file work.cif (mmCIF, C-alpha atoms)
data_start
loop_
_atom_site.label_atom_id
_atom_site.label_comp_id
_atom_site.auth_asym_id
_atom_site.auth_seq_id
_atom_site.Cartn_x
_atom_site.Cartn_y
_atom_site.Cartn_z
CA LEU A 216 44.93 -39.25 54.23
CA SER A 217 48.32 -40.18 53.15
CA SER A 218 48.90 -41.67 49.77
CA GLY A 219 50.93 -44.54 51.19
CA ASN A 220 48.05 -46.92 51.98
CA TRP A 221 46.21 -46.21 48.69
CA LYS A 222 49.24 -46.87 46.52
CA THR A 223 48.99 -50.53 47.23
CA VAL A 224 45.29 -50.75 46.27
CA CYS A 225 44.89 -48.27 43.35
CA ASP A 226 46.55 -47.67 40.03
CA PRO A 227 49.03 -44.79 40.12
CA GLN A 228 47.13 -42.96 37.31
CA LEU A 229 43.98 -42.77 39.48
CA LEU A 230 45.65 -41.61 42.66
CA PRO A 231 45.78 -37.86 41.79
CA HIS A 232 42.03 -37.87 41.21
CA LEU A 233 41.17 -39.66 44.42
CA LEU A 234 43.52 -37.97 46.85
CA LEU A 235 43.64 -34.41 48.18
CA ASP A 236 46.37 -31.93 47.19
CA GLU A 237 49.30 -31.17 49.38
CA GLU A 238 47.30 -28.38 51.05
CA GLY A 239 44.47 -30.79 51.77
CA LYS A 240 42.00 -29.32 49.28
CA ARG A 241 40.40 -30.77 46.19
CA ARG A 242 41.04 -29.02 42.94
CA ILE A 243 38.06 -26.81 42.20
CA TRP A 244 39.27 -24.87 39.16
CA PRO A 245 37.38 -27.20 36.75
CA ILE A 246 34.11 -26.36 38.55
CA TYR A 247 34.80 -22.63 38.25
CA ALA A 248 35.66 -22.99 34.55
CA LEU A 249 32.47 -24.94 33.94
CA GLY A 250 30.38 -22.29 35.79
CA ILE A 251 31.91 -19.40 33.87
CA GLY A 252 31.47 -21.25 30.58
CA GLY A 253 27.81 -21.95 31.42
CA LEU A 254 27.19 -18.30 32.33
CA LEU A 255 28.76 -17.10 29.08
CA SER A 256 26.64 -19.60 27.12
CA ILE A 257 23.43 -18.33 28.77
CA LEU A 258 24.36 -14.71 28.00
CA ALA A 259 25.14 -15.61 24.39
CA LEU A 260 21.79 -17.39 23.99
CA ALA A 261 19.91 -14.43 25.50
CA GLY A 262 21.28 -12.26 22.70
CA PRO A 263 21.89 -8.98 24.51
CA THR A 264 22.40 -5.93 22.34
CA TRP A 265 24.51 -3.00 23.23
CA GLU A 266 23.08 -0.61 20.67
CA ARG A 267 21.27 2.58 21.53
CA LEU A 268 17.65 2.60 20.42
CA PRO A 269 16.87 5.29 17.86
CA GLN A 270 15.10 8.33 19.29
CA PRO A 271 12.96 10.38 16.97
CA ALA A 272 14.71 13.69 16.43
CA PHE A 273 11.54 15.49 15.41
CA ARG A 274 8.11 15.16 16.94
CA ASP A 275 5.19 16.80 15.23
CA GLN A 276 3.83 19.42 17.61
CA SER A 277 0.97 20.51 15.37
CA ALA A 278 -2.38 20.97 17.04
CA LEU A 279 -5.86 20.84 15.57
CA VAL A 280 -8.98 21.88 17.42
CA ILE A 281 -12.14 20.69 15.68
CA VAL A 282 -15.16 22.88 16.47
CA LEU A 283 -18.45 21.15 15.59
CA ASP A 284 -21.79 22.93 15.39
CA LEU A 285 -24.58 21.05 17.24
CA SER A 286 -27.33 23.61 16.72
CA ARG A 287 -30.76 22.35 15.54
CA SER A 288 -30.09 23.55 11.98
CA MET A 289 -27.55 20.70 11.69
CA ASP A 290 -30.50 18.22 11.77
CA ALA A 291 -31.64 19.44 8.34
CA THR A 292 -31.89 16.65 5.77
CA ASP A 293 -31.09 18.70 2.66
CA ILE A 294 -27.90 16.60 2.60
CA GLU A 295 -28.61 12.89 3.11
CA PRO A 296 -28.89 11.58 5.82
CA SER A 297 -28.44 14.94 7.64
CA ARG A 298 -25.95 17.77 7.93
CA LEU A 299 -24.80 16.53 11.31
CA VAL A 300 -24.23 12.94 10.19
CA ARG A 301 -22.20 14.21 7.22
CA ALA A 302 -20.19 16.44 9.56
CA ARG A 303 -19.44 13.48 11.83
CA PHE A 304 -18.27 11.49 8.79
CA LYS A 305 -15.92 14.35 7.85
CA VAL A 306 -14.51 14.51 11.37
CA ALA A 307 -13.98 10.73 11.37
CA ASP A 308 -12.11 10.97 8.04
CA ILE A 309 -9.89 13.74 9.38
CA LEU A 310 -9.10 11.73 12.50
CA LYS A 311 -8.16 8.64 10.45
CA GLN A 312 -5.68 10.67 8.41
CA ARG A 313 -4.07 12.38 11.42
CA LYS A 314 -1.04 10.29 12.35
CA GLU A 315 0.80 12.85 14.48
CA GLY A 316 0.04 15.94 16.49
CA GLN A 317 -2.59 16.71 19.07
CA THR A 318 -6.30 16.98 18.36
CA ALA A 319 -9.21 18.35 20.39
CA LEU A 320 -12.97 18.44 19.86
CA ILE A 321 -15.34 21.23 20.91
CA VAL A 322 -19.10 21.22 20.29
CA TYR A 323 -21.31 24.26 20.47
CA ALA A 324 -24.81 25.67 20.16
CA GLU A 325 -25.78 28.50 22.56
CA ASP A 326 -22.71 27.57 24.63
CA ALA A 327 -19.52 25.64 23.84
CA PHE A 328 -18.29 22.45 25.50
CA ILE A 329 -14.96 20.66 25.33
CA VAL A 330 -15.62 17.03 24.42
CA THR A 331 -11.94 16.09 24.32
CA PRO A 332 -8.99 18.31 25.23
CA LEU A 333 -5.82 18.22 23.13
CA THR A 334 -4.64 14.63 22.91
CA ASP A 335 -2.50 12.38 20.72
CA ASP A 336 -5.20 9.70 20.91
CA THR A 337 -7.52 10.38 17.99
CA GLU A 338 -9.37 7.12 18.61
CA THR A 339 -10.80 8.60 21.82
CA ILE A 340 -12.38 11.39 19.81
CA ALA A 341 -13.58 9.00 17.08
CA SER A 342 -15.28 6.78 19.64
CA GLN A 343 -17.38 9.72 20.88
CA LEU A 344 -18.57 10.95 17.49
CA SER A 345 -21.55 8.59 17.20
CA VAL A 346 -23.24 9.98 20.32
CA LEU A 347 -22.96 13.63 19.36
CA ASN A 348 -26.36 15.05 18.40
CA THR A 349 -28.24 18.28 18.77
CA SER A 350 -30.35 17.04 21.70
CA LEU A 351 -27.22 16.95 23.90
CA MET A 352 -27.03 20.72 23.98
CA PRO A 353 -28.78 22.30 27.00
CA SER A 354 -29.88 25.37 25.04
CA GLN A 355 -30.05 26.10 21.35
CA GLY A 356 -28.34 28.87 19.44
CA SER A 357 -25.26 29.28 17.29
CA ARG A 358 -22.55 31.03 19.30
CA VAL A 359 -19.51 30.33 17.19
CA ASP A 360 -17.67 33.13 19.00
CA ILE A 361 -17.81 31.24 22.31
CA ALA A 362 -16.59 28.06 20.62
CA LEU A 363 -13.66 29.81 18.94
CA LYS A 364 -12.72 31.46 22.23
CA LYS A 365 -12.61 28.01 23.90
CA ALA A 366 -10.45 26.72 21.04
CA GLY A 367 -7.99 29.56 21.65
CA ILE A 368 -7.94 28.79 25.36
CA LEU A 369 -7.14 25.12 24.68
CA LEU A 370 -4.26 26.02 22.39
CA LYS A 371 -2.85 28.60 24.81
CA GLN A 372 -3.11 26.23 27.79
CA ALA A 373 -1.04 23.71 25.84
CA GLY A 374 1.61 26.39 25.35
CA LEU A 375 1.24 26.35 21.57
CA LYS A 376 1.88 29.56 19.71
CA LYS A 377 0.75 27.95 16.44
CA GLY A 378 -2.18 25.69 15.77
CA ASN A 379 -5.18 25.09 13.56
CA VAL A 380 -8.87 25.46 14.27
CA LEU A 381 -11.32 23.68 11.99
CA LEU A 382 -14.86 25.00 12.24
CA ILE A 383 -17.55 22.64 10.93
CA THR A 384 -20.90 24.38 10.70
CA ASP A 385 -23.81 25.17 8.40
CA GLY A 386 -23.63 28.93 8.94
CA VAL A 387 -22.15 31.62 11.18
CA ASN A 388 -22.96 35.06 12.46
CA GLU A 389 -20.19 36.93 10.69
CA THR A 390 -20.00 39.79 13.18
CA ARG A 391 -19.51 37.51 16.17
CA ALA A 392 -17.21 35.17 14.26
CA ARG A 393 -15.00 38.02 13.02
CA LYS A 394 -14.45 39.33 16.57
CA ALA A 395 -13.51 35.85 17.81
CA ILE A 396 -11.19 35.24 14.85
CA ASP A 397 -9.40 38.55 15.44
CA LYS A 398 -8.53 37.38 18.97
CA LEU A 399 -6.99 34.15 17.65
CA LYS A 400 -3.86 35.73 16.21
CA GLY A 401 -1.19 33.21 15.30
CA TYR A 402 -3.68 30.40 14.80
CA LYS A 403 -5.05 29.34 11.43
CA ILE A 404 -8.82 29.02 11.21
CA PHE A 405 -10.47 26.88 8.55
CA CYS A 406 -14.20 26.75 8.02
CA PHE A 407 -16.09 23.85 6.49
CA PHE A 408 -19.73 24.45 5.49
#
call {"tool": "encode", "arguments": {"input": "work.cif", "output": "structure tokens"}}
result
Amino acid sequence: LSSGNWKTVCDPQLLPHLLLDEEGKRRIWPIYALGIGGLLSILALAGPTWERLPQPAFRDQSALVIVLDLSRSMDATDIEPSRLVRARFKVADILKQRKEGQTALIVYAEDAFIVTPLTDDTETIASQLSVLNTSLMPSQGSRVDIALKKAGILLKQAGLKKGNVLLITDGVNETRARKAIDKLKGYKIFCFF
């Protein structure tokens, strides 16, 4: 459209806004500026951060294998309510205090069984404590040597050269226990009676 016909009808101040440029296109730079401004406003409101999240430089790699005696002698009530219930309380207390590192649980009588392999989730072990009793064991006995051997296998499978084994029992056959302990070189063994 030529501006000649519109000059007679419109004010000269309005003509640049109504008519096309010389190239025949409307001016679109205000639309681009508004779009870029809107995009920058959205990004500013989203609050992006360009900081690197802190990575822990040290992770505790300590391991603890708890070995719990489930032989019939643990049902004795010389300690109220029973030796086994007290042992489960002790294990629960230990698990509550362990914030880092891996923990495993092995139970034994005539044979040893892995209840929980090495894990960072101590709540999994704690949730299983209430069901552990002497009637779960298929045969009775007190083979601490087999249980300690399984503890060593767990630690070695995890690739750990150092670790702790906590034995919770009411008594051990010293000859068998000594042989098993001798094979666990590099690992610390603690016994709780």
call {"tool": "atom_distance", "arguments": {"input": "work.cif", "atom1": "atom CA of A:Lys311", "atom2": "atom CA of A:Lys400"}}
result
28.0 Å
call {"tool": "closest_residue", "arguments": {"input": "work.cif", "among": "A:Thr331, A:Arg303, A:Leu363, A:Asp326", "to": "A:Leu344", "atoms": "only C-alpha atoms"}}
result
A:Arg303
call {"tool": "residues_around", "arguments": {"input": "work.cif", "residues": "stretch 341-343 of chain A", "least_positions_apart": "4", "cutoff": "9 Å", "atoms": "all atoms listed in the file", "output": "list in words"}}
result
Val306, Ala307, Leu310, Lys311, Val330, Thr337 and Leu347 of chain A
call {"tool": "residues_around", "arguments": {"input": "work.cif", "residues": "stretch 348-353 of chain A", "least_positions_apart": "6", "cutoff": "7 Å", "atoms": "all atoms listed in the file", "output": "ChimeraX atom specification"}}
result
/A:285-287,324
call {"tool": "atom_distance", "arguments": {"input": "work.cif", "atom1": "atom CA of A:Gly374", "atom2": "atom CA of A:Phe407"}}
result
26.0 Å
call {"tool": "resolve_selection", "arguments": {"input": "work.cif", "expression": "the PyMOL selection byres ((chain A and resi 404) around 9)", "output": "list in words"}}
result
Gly378, Asn379, Val380, Leu381, Leu382, Ile396, Leu399, Tyr402, Lys403, Phe405 and Cys406 of chain A
call {"tool": "residues_around", "arguments": {"input": "work.cif", "residues": "stretch 327-329 of chain A", "least_positions_apart": "3", "cutoff": "8 Å", "atoms": "only C-alpha atoms", "output": "PDB file with C-alpha atoms, in the coordinates of the input"}}
result
ATOM      1  CA  ALA A 319      -9.210  18.350  20.390  1.00  0.00           C
ATOM      2  CA  LEU A 320     -12.970  18.440  19.860  1.00  0.00           C
ATOM      3  CA  ILE A 321     -15.340  21.230  20.910  1.00  0.00           C
ATOM      4  CA  VAL A 322     -19.100  21.220  20.290  1.00  0.00           C
ATOM      5  CA  TYR A 323     -21.310  24.260  20.470  1.00  0.00           C
ATOM      6  CA  ALA A 324     -24.810  25.670  20.160  1.00  0.00           C
ATOM      7  CA  PRO A 332      -8.990  18.310  25.230  1.00  0.00           C
ATOM      8  CA  ARG A 358     -22.550  31.030  19.300  1.00  0.00           C
ATOM      9  CA  ILE A 361     -17.810  31.240  22.310  1.00  0.00           C
ATOM     10  CA  ALA A 362     -16.590  28.060  20.620  1.00  0.00           C
ATOM     11  CA  LYS A 365     -12.610  28.010  23.900  1.00  0.00           C
TER      12      LYS A 365
END
call {"tool": "atom_distance", "arguments": {"input": "work.cif", "atom1": "atom CA of A:Gly386", "atom2": "atom CA of A:Asp293"}}
result
14.1 Å
call {"tool": "resolve_selection", "arguments": {"input": "work.cif", "expression": "the PyMOL selection byres ((chain A and resi 278) around 10)", "output": "list in words"}}
result
Asp275, Gln276, Ser277, Leu279, Val280, Ile281, Glu315, Gly316, Gln317, Thr318, Ala319, Leu333, Thr334, Asp335, Leu369, Leu370, Ala373, Leu375, Lys376, Lys377, Gly378, Asn379, Val380 and Tyr402 of chain A
call {"tool": "closest_residue", "arguments": {"input": "work.cif", "among": "A:Gln312, A:Leu283, A:Val346, A:Arg393", "to": "A:Arg298", "atoms": "all atoms listed in the file"}}
result
A:Leu283
